[in-house]
Amino acid sequence: MVAVVLGLATACGGSGGEGGTTAAGGEDGAPKVTITPANGAGKARPDEGVTVTSSGGTLGQVSVKLKGAEVPGRLSADKTQWHSTWTLQPGGSYQVSATATSPKGKATTATSAFRASRATAATTINNVVPSPNETVGTGMPVFIQFNKAVPVKARAAVEKSIEISSTTPTEGAWRWLAPGESFNGLPSLVFRPKHPWAPHQRVSVTVHYAGVKIGDNVFGAKDVTRKFKIGDSHTVQVNARTDKLVVKKNGRTVRTWGVSLGAGGDVQSDGVDHLLTTSGVHLTMDHSRLERMRPPGKKKGDPGWYDEQVPFATRISNSGEYIHQNMDDPTCLGNRNCSHGCVRSPAGDAQWFYNWSYRGDLVTITGTKRQLQWTNGWGYWQLPFTKWAQGSVLGKPVTTTALSG
């Protein structure tokens, strides 16, 4: 058996630079082991990861460590190459050890110690939705939001860096949203399942953003992980013609009440009647104990101006639509449409829904002459799934991996 161990003083190949290689063995029938980046490299490219190859033998143990923790990687089917699964942490110090054995039993061990480049991009992950450990509805999207737009050339690498798992493997697709398409103005990458999530499961999302090449010689700063839960199946059906709302939990009707939707009659310069409730598949977005409501496109003194504080308001769009407590003529409820576009409800029912609903519950409204645009709030279920998936740079759906434990 021949063992060759390389330290900082005996490294072959590049050192102190951006990468290079370190090699050991290859003589007297011993296999040759090559490690990239080279021993002593001080500015290794994080996006290129770690590669270990063997010629004249097969790799056995490969160990790559960052702060004492093993870095995951994959060994090729013929056991001659190992590559790290994800990119490297900018500025991280790595230690590599690999052993290969020839068919005649001769072995070579090589080591490398290097540091990844510290150059990080100004583009960072600003937020991830849902919140940590939040219980959400079966229609809930997953948002990865950035402080500034991700360059088009970097988007494929960002998509590939995402690891999404769920208790029940679920087909879905990512879509890039421009700031004008995002519900809060942040450029976003959004996952939407093809069909609603199966209830009562856990979901984990990790963006292995650290080391992803974002621009010329600049890289993502750090990884981000978010875990949340899918709760019961909550669905809401609202019919503008019958002025009736039906709530179901796990397929069983649990509550119904009379509502009053938008009266219509205020077509503004954009050609939209802003007093009509939108028909389509909405999602509950957030809850407000007391929401201040004013008409869009109007100022104080204009015809139709109002300024009200409305209790128990559950938002379902970005155009000012809520399921909320009725504050006006109670005879409208269940009989006619009198609201400014919201779903007015009896006080007890509005308060119950406010406390009962999750973010991401499906609310389907029918019977009005105004359609919900897919960019209005979280109206993503308005797009056919095939069209939604076209917003992915990789151009194809993904299936979540099984989440165990």
# chains A, B, ... in the order shown; residues from 1 in each chain; ligands from 1
call {"tool": "residues_around", "arguments": {"residues": "Gly139 (chain A)", "least_positions_apart": "3", "cutoff": "12 Å", "atoms": "only C-alpha atoms", "output": "PyMOL selection string"}}
result
chain A and resi 130+135-136+142+172+191-199+230-236+281-285+358-364+378-382
call {"tool": "residues_around", "arguments": {"residues": "Gly265 (chain A)", "least_positions_apart": "2", "cutoff": "10 Å", "atoms": "only C-alpha atoms", "output": "list in words"}}
result
Gly262, Ala263, Val267, Gln268, Val272, Asp273, His274, Leu275, Leu276 and His340 of chain A
call {"tool": "write_last_selection", "arguments": {"atoms": "N, CA and C atoms", "output": "PDB file, in the first residue's frame"}}
result
ATOM      1  N   GLY A 262     -69.982  43.536  -4.208  1.00  0.00           N
ATOM      2  CA  GLY A 262     -69.871  44.855  -4.805  1.00  0.00           C
ATOM      3  C   GLY A 262     -71.082  45.259  -5.631  1.00  0.00           C
ATOM      4  N   ALA A 263     -71.536  46.502  -5.406  1.00  0.00           N
ATOM      5  CA  ALA A 263     -72.715  47.009  -6.115  1.00  0.00           C
ATOM      6  C   ALA A 263     -72.403  47.395  -7.552  1.00  0.00           C
ATOM      7  N   VAL A 267     -67.069  52.983 -12.973  1.00  0.00           N
ATOM      8  CA  VAL A 267     -66.069  52.699 -14.001  1.00  0.00           C
ATOM      9  C   VAL A 267     -65.128  53.891 -14.091  1.00  0.00           C
ATOM     10  N   GLN A 268     -63.844  53.672 -13.796  1.00  0.00           N
ATOM     11  CA  GLN A 268     -62.864  54.750 -13.793  1.00  0.00           C
ATOM     12  C   GLN A 268     -62.104  54.804 -15.119  1.00  0.00           C
ATOM     13  N   VAL A 272     -62.142  49.963 -15.602  1.00  0.00           N
ATOM     14  CA  VAL A 272     -62.519  48.953 -14.620  1.00  0.00           C
ATOM     15  C   VAL A 272     -63.571  49.509 -13.679  1.00  0.00           C
ATOM     16  N   ASP A 273     -64.600  48.710 -13.437  1.00  0.00           N
ATOM     17  CA  ASP A 273     -65.603  49.072 -12.448  1.00  0.00           C
ATOM     18  C   ASP A 273     -65.082  48.642 -11.077  1.00  0.00           C
ATOM     19  N   HIS A 274     -64.560  49.596 -10.335  1.00  0.00           N
ATOM     20  CA  HIS A 274     -63.882  49.300  -9.076  1.00  0.00           C
ATOM     21  C   HIS A 274     -64.844  48.963  -7.938  1.00  0.00           C
ATOM     22  N   LEU A 275     -66.131  49.085  -8.164  1.00  0.00           N
ATOM     23  CA  LEU A 275     -67.101  48.710  -7.136  1.00  0.00           C
ATOM     24  C   LEU A 275     -67.628  47.292  -7.320  1.00  0.00           C
ATOM     25  N   LEU A 276     -67.066  46.569  -8.307  1.00  0.00           N
ATOM     26  CA  LEU A 276     -67.442  45.169  -8.500  1.00  0.00           C
ATOM     27  C   LEU A 276     -66.442  44.255  -7.807  1.00  0.00           C
ATOM     28  N   HIS A 340     -68.749  48.018  -1.481  1.00  0.00           N
ATOM     29  CA  HIS A 340     -67.800  48.716  -2.362  1.00  0.00           C
ATOM     30  C   HIS A 340     -66.896  47.735  -3.112  1.00  0.00           C
TER      31      HIS A 340
END
call {"tool": "residues_around", "arguments": {"residues": "Val62 (chain A)", "least_positions_apart": "6", "cutoff": "10 Å", "atoms": "only C-alpha atoms", "output": "PyMOL selection string"}}
result
chain A and resi 52+70+73-75+81-83+96-100+109-111
call {"tool": "write_last_selection", "arguments": {"atoms": "N, CA and C atoms", "output": "mmCIF file, in the first residue's frame"}}
result
data_model
loop_
_atom_site.group_PDB
_atom_site.id
_atom_site.type_symbol
_atom_site.label_atom_id
_atom_site.label_comp_id
_atom_site.auth_asym_id
_atom_site.auth_seq_id
_atom_site.Cartn_x
_atom_site.Cartn_y
_atom_site.Cartn_z
ATOM 1 N N VAL A 52 -13.395 15.875 -6.824
ATOM 2 C CA VAL A 52 -12.326 14.915 -6.559
ATOM 3 C C VAL A 52 -12.412 13.829 -7.618
ATOM 4 N N GLU A 70 -19.684 17.916 7.687
ATOM 5 C CA GLU A 70 -19.488 17.306 6.382
ATOM 6 C C GLU A 70 -20.297 18.037 5.310
ATOM 7 N N GLY A 73 -22.126 15.523 -1.030
ATOM 8 C CA GLY A 73 -21.672 15.396 -2.403
ATOM 9 C C GLY A 73 -22.139 14.085 -3.005
ATOM 10 N N ARG A 74 -21.877 13.921 -4.294
ATOM 11 C CA ARG A 74 -22.310 12.730 -5.024
ATOM 12 C C ARG A 74 -21.102 12.041 -5.666
ATOM 13 N N LEU A 75 -21.095 10.714 -5.561
ATOM 14 C CA LEU A 75 -20.063 9.890 -6.177
ATOM 15 C C LEU A 75 -20.618 9.328 -7.478
ATOM 16 N N GLN A 81 -15.331 9.797 -9.671
ATOM 17 C CA GLN A 81 -15.452 11.243 -9.457
ATOM 18 C C GLN A 81 -16.474 11.543 -8.362
ATOM 19 N N TRP A 82 -16.139 12.496 -7.542
ATOM 20 C CA TRP A 82 -17.026 12.995 -6.479
ATOM 21 C C TRP A 82 -17.157 14.499 -6.660
ATOM 22 N N HIS A 83 -18.387 15.005 -6.522
ATOM 23 C CA HIS A 83 -18.587 16.462 -6.632
ATOM 24 C C HIS A 83 -19.561 16.915 -5.561
ATOM 25 N N VAL A 96 -10.312 18.982 2.679
ATOM 26 C CA VAL A 96 -10.696 17.850 1.840
ATOM 27 C C VAL A 96 -9.718 16.703 2.048
ATOM 28 N N SER A 97 -10.264 15.506 2.170
ATOM 29 C CA SER A 97 -9.445 14.297 2.249
ATOM 30 C C SER A 97 -10.115 13.227 1.406
ATOM 31 N N ALA A 98 -9.323 12.568 0.549
ATOM 32 C CA ALA A 98 -9.892 11.543 -0.333
ATOM 33 C C ALA A 98 -8.906 10.401 -0.517
ATOM 34 N N THR A 99 -9.444 9.188 -0.569
ATOM 35 C CA THR A 99 -8.624 7.992 -0.756
ATOM 36 C C THR A 99 -9.137 7.194 -1.945
ATOM 37 N N ALA A 100 -8.211 6.737 -2.793
ATOM 38 C CA ALA A 100 -8.555 5.877 -3.931
ATOM 39 C C ALA A 100 -7.709 4.611 -3.873
ATOM 40 N N THR A 109 -3.859 8.608 -0.795
ATOM 41 C CA THR A 109 -4.673 9.570 -0.058
ATOM 42 C C THR A 109 -4.173 10.972 -0.376
ATOM 43 N N ALA A 110 -5.104 11.862 -0.682
ATOM 44 C CA ALA A 110 -4.747 13.248 -0.972
ATOM 45 C C ALA A 110 -5.580 14.178 -0.103
ATOM 46 N N THR A 111 -4.993 15.308 0.230
ATOM 47 C CA THR A 111 -5.714 16.300 1.023
ATOM 48 C C THR A 111 -5.559 17.671 0.394
#
call {"tool": "closest_residue", "arguments": {"among": "A:Ala173, A:Ala154, A:Ile316, A:Ala119", "to": "Val398 (chain A)", "atoms": "only C-alpha atoms"}}
result
A:Ala173
call {"tool": "residues_around", "arguments": {"residues": "region 201-203 of chain A", "least_positions_apart": "5", "cutoff": "9 Å", "atoms": "only C-alpha atoms", "output": "list in words"}}
result
Ile164, Ser165, Ser166, Thr167, Thr168, Arg226, Lys227, Phe228, Lys229, Ile230, Gly231, Thr400 and Leu403 of chain A
call {"tool": "residues_around", "arguments": {"residues": "Gly341 (chain A)", "least_positions_apart": "2", "cutoff": "10 Å", "atoms": "only C-alpha atoms", "output": "ChimeraX atom specification"}}
result
/A:260-264,273-278,295,319-323,337-339,343-344
call {"tool": "atom_distance", "arguments": {"atom1": "CA of Trp305 (chain A)", "atom2": "CA of Val259 (chain A)"}}
result
22.5 Å
call {"tool": "select_by_dssp", "arguments": {"residues": "region 273-383 of chain A", "states": "helix (DSSP H, G or I)", "output": "mmCIF file with C-alpha atoms, in the first residue's frame"}}
result
data_model
loop_
_atom_site.group_PDB
_atom_site.id
_atom_site.type_symbol
_atom_site.label_atom_id
_atom_site.label_comp_id
_atom_site.auth_asym_id
_atom_site.auth_seq_id
_atom_site.Cartn_x
_atom_site.Cartn_y
_atom_site.Cartn_z
ATOM 1 C CA PRO A 330 -77.976 44.757 7.276
ATOM 2 C CA THR A 331 -80.911 44.044 4.942
ATOM 3 C CA CYS A 332 -78.427 43.725 2.043
ATOM 4 C CA ALA A 347 -70.530 40.391 12.544
ATOM 5 C CA GLY A 348 -70.421 36.949 14.158
ATOM 6 C CA ASP A 349 -69.529 35.178 10.926
ATOM 7 C CA ALA A 350 -66.826 37.703 9.964
ATOM 8 C CA GLN A 351 -65.223 37.377 13.380
ATOM 9 C CA TRP A 352 -65.415 33.564 13.251
ATOM 10 C CA PHE A 353 -63.789 33.489 9.794
ATOM 11 C CA TYR A 354 -61.106 35.951 10.863
ATOM 12 C CA ASN A 355 -60.081 33.632 13.705
ATOM 13 C CA TRP A 356 -60.616 30.335 11.858
ATOM 14 C CA GLY A 379 -54.393 35.259 -7.660
ATOM 15 C CA TYR A 380 -51.955 32.685 -9.031
ATOM 16 C CA TRP A 381 -54.571 29.934 -9.295
ATOM 17 C CA GLN A 382 -56.140 32.005 -12.093
#
call {"tool": "residues_around", "arguments": {"residues": "region 21-33 of chain A", "least_positions_apart": "4", "cutoff": "6 Å", "atoms": "only C-alpha atoms", "output": "list of chain:residue names"}}
result
A:Cys12, A:Gly13, A:Gly14, A:Pro37, A:Ala38, A:Asn39, A:Thr53, A:Ser54, A:Ser55, A:Gly56, A:Gly57, A:Ser102, A:Lys106, A:Ala107, A:Thr108, A:Ala110
call {"tool": "residues_around", "arguments": {"residues": "Ala121 (chain A)", "least_positions_apart": "5", "cutoff": "9 Å", "atoms": "only C-alpha atoms", "output": "number ranges by chain"}}
result
A: 213-215, 217-221
call {"tool": "write_last_selection", "arguments": {"atoms": "C-alpha atoms", "output": "PDB file, in the first residue's frame"}}
result
ATOM      1  CA  LYS A 213     -22.938  32.947  -9.135  1.00  0.00           C
ATOM      2  CA  ILE A 214     -25.104  36.069  -9.306  1.00  0.00           C
ATOM      3  CA  GLY A 215     -22.852  38.421 -11.295  1.00  0.00           C
ATOM      4  CA  ASN A 217     -17.215  37.183  -9.734  1.00  0.00           C
ATOM      5  CA  VAL A 218     -19.871  37.848  -7.068  1.00  0.00           C
ATOM      6  CA  PHE A 219     -21.863  35.131  -5.318  1.00  0.00           C
ATOM      7  CA  GLY A 220     -24.906  34.590  -3.135  1.00  0.00           C
ATOM      8  CA  ALA A 221     -24.142  35.354   0.509  1.00  0.00           C
TER       9      ALA A 221
END
call {"tool": "closest_residue", "arguments": {"among": "A:Thr80, A:Thr366, A:Thr206, A:Ser182", "to": "Ser317 (chain A)", "atoms": "only C-alpha atoms"}}
result
A:Ser182
call {"tool": "closest_residue", "arguments": {"among": "A:Ser279, A:Asn326, A:Thr401, A:Ser112", "to": "Asn239 (chain A)", "atoms": "only C-alpha atoms"}}
result
A:Ser279
call {"tool": "select_by_dssp", "arguments": {"residues": "region 199-340 of chain A", "states": "strand (DSSP E or B)", "output": "PyMOL selection string"}}
result
chain A and resi 201-207+213-215+218-219+224-230+234-239+244-249+252-258+260+262+267+273+278-283+286-293+308-315+322-325+339
call {"tool": "atom_distance", "arguments": {"atom1": "CA of Thr242 (chain A)", "atom2": "CA of Thr368 (chain A)"}}
result
11.3 Å
call {"tool": "atom_distance", "arguments": {"atom1": "CA of Ser93 (chain A)", "atom2": "CA of Ser117 (chain A)"}}
result
9.7 Å
call {"tool": "closest_residue", "arguments": {"among": "A:His208, A:Lys43, A:His324, A:Arg155", "to": "Gly395 (chain A)", "atoms": "only C-alpha atoms"}}
result
A:Arg155
call {"tool": "closest_residue", "arguments": {"among": "A:Tyr94, A:Tyr306, A:Phe143, A:Tyr209", "to": "Thr124 (chain A)", "atoms": "only C-alpha atoms"}}
result
A:Tyr209
call {"tool": "closest_residue", "arguments": {"among": "A:Trp174, A:Gly258, A:Val247, A:Thr375", "to": "Ala389 (chain A)", "atoms": "only C-alpha atoms"}}
result
A:Trp174
